[in-house]
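A.B. asks: The structure under discussion is supplied below as structure tokens; questions concerning it will follow.
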Amino acid sequence: MASILVLGLGRFGSSLARELLALGHQVMAVDASLGLVNSLKEELPDVVQADIKDKEALASLGARDVDVAVVAVGTRMDASILACLHLKELGVPRIIAKVASDDHMKILHAIGLDEGDLVYPEQEMAKRLAHTLSTRNIMDSLPLEEGYSIVTLAPPASFIGRSLKQLALRKHHNVQVVAVKDTLTGTWNPVPSPDALIKDSDQLLILGKAEDLDRLGELK
């Protein structure tokens with residue numbers, strides 16, 4: 001598992017730190033607010049108060065030795081930009097940053113962060129919600145790069161009792177079923193048999209282009 005430094009412990013940063021810890025990663029969480037740090041000590045075993053704008057403070061925390069640093073202070077552009085700049089100078093192999101605007105994204109990209117490591121949580125959540133609300137059967141959506149998405153689909157009535165082979169979704173709809181979940185047992189089948197019949201209690205995890213998935217989600 002990776003060693004990950006999380007800078008900024010607002011709702012996004014603290015939630016991320018908890019999830020990473022639950023997944024078994026080694027997490028150091030940092031925030032400038034002593035009150036916030038103290039409130040999280042029972043949940044995060046390695047949480048410290050420090051000024052993330054201070055390069056020496058980051059160095060003293062061992063930033064040079066982490067695998068990944070996440071700068072989760074998108075609304076404080078000055079702190080975000082300085083923290084990212086210092087982390088680059090300290091040689092952190094990968095830096096992921098929350099951004100609050102297109103200008104913020106451009107600045108971080110200009111100082112050397114990869115575009116794919118710039119996270120716009122509010123924008124991505126808005127896209128997911130809009131996509132989910134716009135289609136009949138799509139329960140959740142995760143946008144990927146180059147117009148692709150992964151969606152969770154409640155099978156339309158026309159799918160029930162038919163196999164994946166019979167549906168031939170790749171041929172007819174240009175999408176790929178990557179897993180099937182049985183909602184009655186809560187178990188996922190990541191390698192569904194092409195001969196398995198779709199049940200009304202199933203959920204399908206499907207990869208494809210957004211426009212193809214939208215059309216699929218409108219089937220009855």
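Labels for the structure tokens follow display order: chains A, B, ..., residues from 1 in each chain, ligands from 1.
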For Pro192 (chain A), please output as a PDB file with N, CA, C and O atoms, in the first residue's frame all residues within 9 Å (counting only C-alpha atoms; exclusion window: fewer than 3 positions along the same chain).
C.D. replies:
```pdb
ATOM      1  N   LEU A 164     -26.506 -12.188 -21.623  1.00  0.00           N
ATOM      2  CA  LEU A 164     -25.640 -11.173 -22.222  1.00  0.00           C
ATOM      3  C   LEU A 164     -25.328 -11.525 -23.673  1.00  0.00           C
ATOM      4  O   LEU A 164     -25.215 -10.638 -24.527  1.00  0.00           O
ATOM      5  N   VAL A 177     -20.405  -4.718 -20.863  1.00  0.00           N
ATOM      6  CA  VAL A 177     -20.729  -5.055 -19.476  1.00  0.00           C
ATOM      7  C   VAL A 177     -19.448  -5.558 -18.799  1.00  0.00           C
ATOM      8  O   VAL A 177     -18.832  -6.522 -19.263  1.00  0.00           O
ATOM      9  N   VAL A 178     -19.047  -4.899 -17.715  1.00  0.00           N
ATOM     10  CA  VAL A 178     -17.815  -5.290 -17.037  1.00  0.00           C
ATOM     11  C   VAL A 178     -18.078  -6.030 -15.730  1.00  0.00           C
ATOM     12  O   VAL A 178     -17.174  -6.691 -15.199  1.00  0.00           O
ATOM     13  N   ALA A 179     -19.294  -5.961 -15.202  1.00  0.00           N
ATOM     14  CA  ALA A 179     -19.631  -6.689 -13.979  1.00  0.00           C
ATOM     15  C   ALA A 179     -21.140  -6.692 -13.802  1.00  0.00           C
ATOM     16  O   ALA A 179     -21.852  -5.841 -14.358  1.00  0.00           O
ATOM     17  N   VAL A 180     -21.617  -7.658 -13.020  1.00  0.00           N
ATOM     18  CA  VAL A 180     -23.039  -7.751 -12.692  1.00  0.00           C
ATOM     19  C   VAL A 180     -23.163  -7.898 -11.176  1.00  0.00           C
ATOM     20  O   VAL A 180     -22.449  -8.713 -10.571  1.00  0.00           O
ATOM     21  N   ASN A 189     -20.267  -9.936  -9.595  1.00  0.00           N
ATOM     22  CA  ASN A 189     -19.618 -10.927 -10.454  1.00  0.00           C
ATOM     23  C   ASN A 189     -18.811 -10.156 -11.493  1.00  0.00           C
ATOM     24  O   ASN A 189     -19.369  -9.630 -12.467  1.00  0.00           O
ATOM     25  N   ASP A 195     -23.741 -16.550 -20.849  1.00  0.00           N
ATOM     26  CA  ASP A 195     -24.976 -17.336 -20.874  1.00  0.00           C
ATOM     27  C   ASP A 195     -25.870 -17.098 -19.660  1.00  0.00           C
ATOM     28  O   ASP A 195     -26.997 -17.607 -19.616  1.00  0.00           O
ATOM     29  N   ALA A 196     -25.377 -16.331 -18.674  1.00  0.00           N
ATOM     30  CA  ALA A 196     -26.170 -16.065 -17.473  1.00  0.00           C
ATOM     31  C   ALA A 196     -27.356 -15.170 -17.819  1.00  0.00           C
ATOM     32  O   ALA A 196     -27.224 -14.191 -18.556  1.00  0.00           O
TER      33      ALA A 196
END
```
A.B. asks: Region 2-38 of chain A: which residues are strand (DSSP E or B) by DSSP, as a ChimeraX atom specification?
C.D. replies: /A:3-7,26-31
A.B. asks: Hey, what's within 8 Å of Leu87 (chain A) if we count only C-alpha atoms and toss same-chain stuff fewer than 4 positions away? As JSON, numbers by chain, please?
C.D. replies: {"A": [55, 58, 63, 64, 69, 83, 91, 92, 95]}
A.B. asks: Just give me the gap between CA of Val175 (chain A) and CA of Ser201 (chain A) in Å, one decimal is fine.
C.D. replies: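 It comes out at 20.8 Å.
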A.B. asks: Point out the residue among A:Val37, A:Ile198, A:Val68, A:Leu204 with the least atom-to-atom distance to Ala157 (chain A), counting only C-alpha atoms.
C.D. replies: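 Checking each candidate against Ala157 (chain A), we get A:Ile198 as the closest.
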A.B. asks: Find the residue from A:Gly217, A:Phe12, A:Asp46, A:Ile206 that sits nearest to Tyr120 (chain A); use only C-alpha atoms when measuring.
C.D. replies: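 Going through A:Gly217, A:Phe12, A:Asp46, A:Ile206 one by one, the smallest distance to Tyr120 (chain A) is for A:Phe12.
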A.B. asks: From a DSSP pass on the backbone, collect the residues of region 20-124 of chain A flagged as alpha helix (DSSP H) and hand them back as a ChimeraX atom specification.
C.D. replies: /A:20-22,34-39,55-60,77-89,102-110,121-124
A.B. asks: Excluding same-chain residues fewer than 4 positions from Lys106 (chain A), what lies within 12 Å of it counting only C-alpha atoms, as a list in words?
C.D. replies: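 Contacts, in chain order: Met77, Ile81, Ala97, Val99, Ala100, Ser101, Asp102, Ala110, Ile111, Gly112, Leu113, Asp114, Glu115 and Leu118 of chain A.
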A.B. asks: Which residue is closest to Leu7 (chain A)? Choose from A:Lys41, A:Ala72, A:Val47, A:Ser60 and count only C-alpha atoms.
C.D. replies: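 Checking each candidate against Leu7 (chain A), we get A:Ala72 as the closest.
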A.B. asks: So which one's closest to Asp78 (chain A), A:Lys98, A:His172, A:His25, A:His104? Using only C-alpha atoms, please.
C.D. replies: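 Residue with the minimum atom-to-atom distance to Asp78 (chain A): A:His104.
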A.B. asks: Report, in Å to a single decimal, how far apart CA of Glu42 (chain A) and CA of Val27 (chain A) are.
C.D. replies: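 CA of Glu42 (chain A) lies 13.9 Å from CA of Val27 (chain A).
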A.B. asks: Would you compute the distance between CA of Lys53 (chain A) and CA of Ala79 (chain A)? Give it in Å to one decimal.
C.D. replies: 5.4 Å
A.B. asks: Identify, on the basis of only C-alpha atoms, every residue whose closest approach to Arg162 (chain A) does not exceed 12 Å; exclude the query and any residue fewer than 6 positions from it along the same chain; express the result as a list of chain:residue names.
C.D. replies: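 The residues that qualify are A:Pro155, A:Pro156, A:Ala168, A:Leu169, A:Pro194, A:Asp195, A:Ala196, A:Leu197, A:Ile198, A:Lys199, A:Asp200.
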A.B. asks: What's the 10 Å shell around Ala2 (chain A), counting only C-alpha atoms, without same-chain residues fewer than 2 positions away, as an MDAnalysis selection string?
C.D. replies: chainID A and resid 4:5 20 24:27 66:68
A.B. asks: Grab the residues selected above and save them as a CSV table (one decimal), in the first residue's frame with all heavy atoms.
C.D. replies:
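Writing the result to part-v4.csv gives the following:
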```csv
chain,number,residue,atom,x,y,z
A,4,ILE,N,0.7,8.1,1.7
A,4,ILE,CA,0.0,9.3,1.1
A,4,ILE,C,-0.1,10.4,2.1
A,4,ILE,O,-0.5,10.2,3.3
A,4,ILE,CB,-1.4,8.8,0.7
A,4,ILE,CG1,-1.3,7.7,-0.3
A,4,ILE,CG2,-2.2,10.0,0.1
A,4,ILE,CD1,-2.7,7.1,-0.7
A,5,LEU,N,0.3,11.6,1.7
A,5,LEU,CA,0.2,12.8,2.5
A,5,LEU,C,-1.0,13.6,2.0
A,5,LEU,O,-1.2,13.9,0.8
A,5,LEU,CB,1.5,13.6,2.3
A,5,LEU,CG,1.5,15.0,2.9
A,5,LEU,CD1,1.6,14.9,4.4
A,5,LEU,CD2,2.8,15.7,2.4
A,20,LEU,N,-8.9,6.4,2.5
A,20,LEU,CA,-7.5,5.9,2.2
A,20,LEU,C,-7.1,5.0,3.3
A,20,LEU,O,-6.5,3.9,3.1
A,20,LEU,CB,-6.6,7.0,1.9
A,20,LEU,CG,-6.7,7.8,0.6
A,20,LEU,CD1,-5.9,9.0,0.6
A,20,LEU,CD2,-6.4,6.9,-0.6
A,24,GLY,N,-6.3,0.7,3.8
A,24,GLY,CA,-5.0,0.1,4.2
A,24,GLY,C,-3.8,0.9,3.8
A,24,GLY,O,-2.7,0.5,4.1
A,25,HIS,N,-4.0,2.1,3.3
A,25,HIS,CA,-2.8,3.0,3.0
A,25,HIS,C,-2.2,3.6,4.3
A,25,HIS,O,-2.9,3.8,5.3
A,25,HIS,CB,-3.2,4.1,2.0
A,25,HIS,CG,-3.6,3.5,0.7
A,25,HIS,ND1,-2.7,3.0,-0.2
A,25,HIS,CD2,-4.9,3.4,0.1
A,25,HIS,CE1,-3.4,2.6,-1.3
A,25,HIS,NE2,-4.7,2.8,-1.1
A,26,GLN,N,-1.0,4.0,4.2
A,26,GLN,CA,-0.3,4.8,5.3
A,26,GLN,C,-0.6,6.2,5.0
A,26,GLN,O,-0.2,6.8,4.0
A,26,GLN,CB,1.1,4.5,5.3
A,26,GLN,CG,1.9,5.2,6.3
A,26,GLN,CD,3.4,5.0,6.3
A,26,GLN,OE1,3.8,4.0,5.6
A,26,GLN,NE2,4.2,5.8,6.9
A,27,VAL,N,-1.4,6.9,5.9
A,27,VAL,CA,-1.8,8.2,5.6
A,27,VAL,C,-1.3,9.2,6.7
A,27,VAL,O,-1.5,8.9,7.9
A,27,VAL,CB,-3.4,8.3,5.6
A,27,VAL,CG1,-3.9,9.7,5.4
A,27,VAL,CG2,-3.9,7.3,4.5
A,66,VAL,N,7.1,10.4,0.7
A,66,VAL,CA,5.8,9.8,0.4
A,66,VAL,C,5.7,9.4,-1.0
A,66,VAL,O,6.4,9.9,-1.9
A,66,VAL,CB,4.6,10.8,0.8
A,66,VAL,CG1,4.7,11.1,2.3
A,66,VAL,CG2,4.7,12.1,0.0
A,67,ASP,N,4.7,8.5,-1.3
A,67,ASP,CA,4.5,8.1,-2.7
A,67,ASP,C,3.6,9.1,-3.4
A,67,ASP,O,3.8,9.4,-4.6
A,67,ASP,CB,3.8,6.7,-2.7
A,67,ASP,CG,4.7,5.6,-2.1
A,67,ASP,OD1,5.9,5.6,-2.5
A,67,ASP,OD2,4.2,4.9,-1.2
A,68,VAL,N,2.6,9.6,-2.7
A,68,VAL,CA,1.6,10.5,-3.3
A,68,VAL,C,1.3,11.6,-2.3
A,68,VAL,O,1.2,11.4,-1.1
A,68,VAL,CB,0.3,9.8,-3.6
A,68,VAL,CG1,-0.7,10.8,-4.3
A,68,VAL,CG2,0.6,8.6,-4.6
```
A.B. asks: Between A:Ala154, A:Val30, A:Leu184, A:Leu9, which is the closest to Glu218 (chain A) once you count only C-alpha atoms?
C.D. replies: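 Nearest to Glu218 (chain A): A:Ala154.
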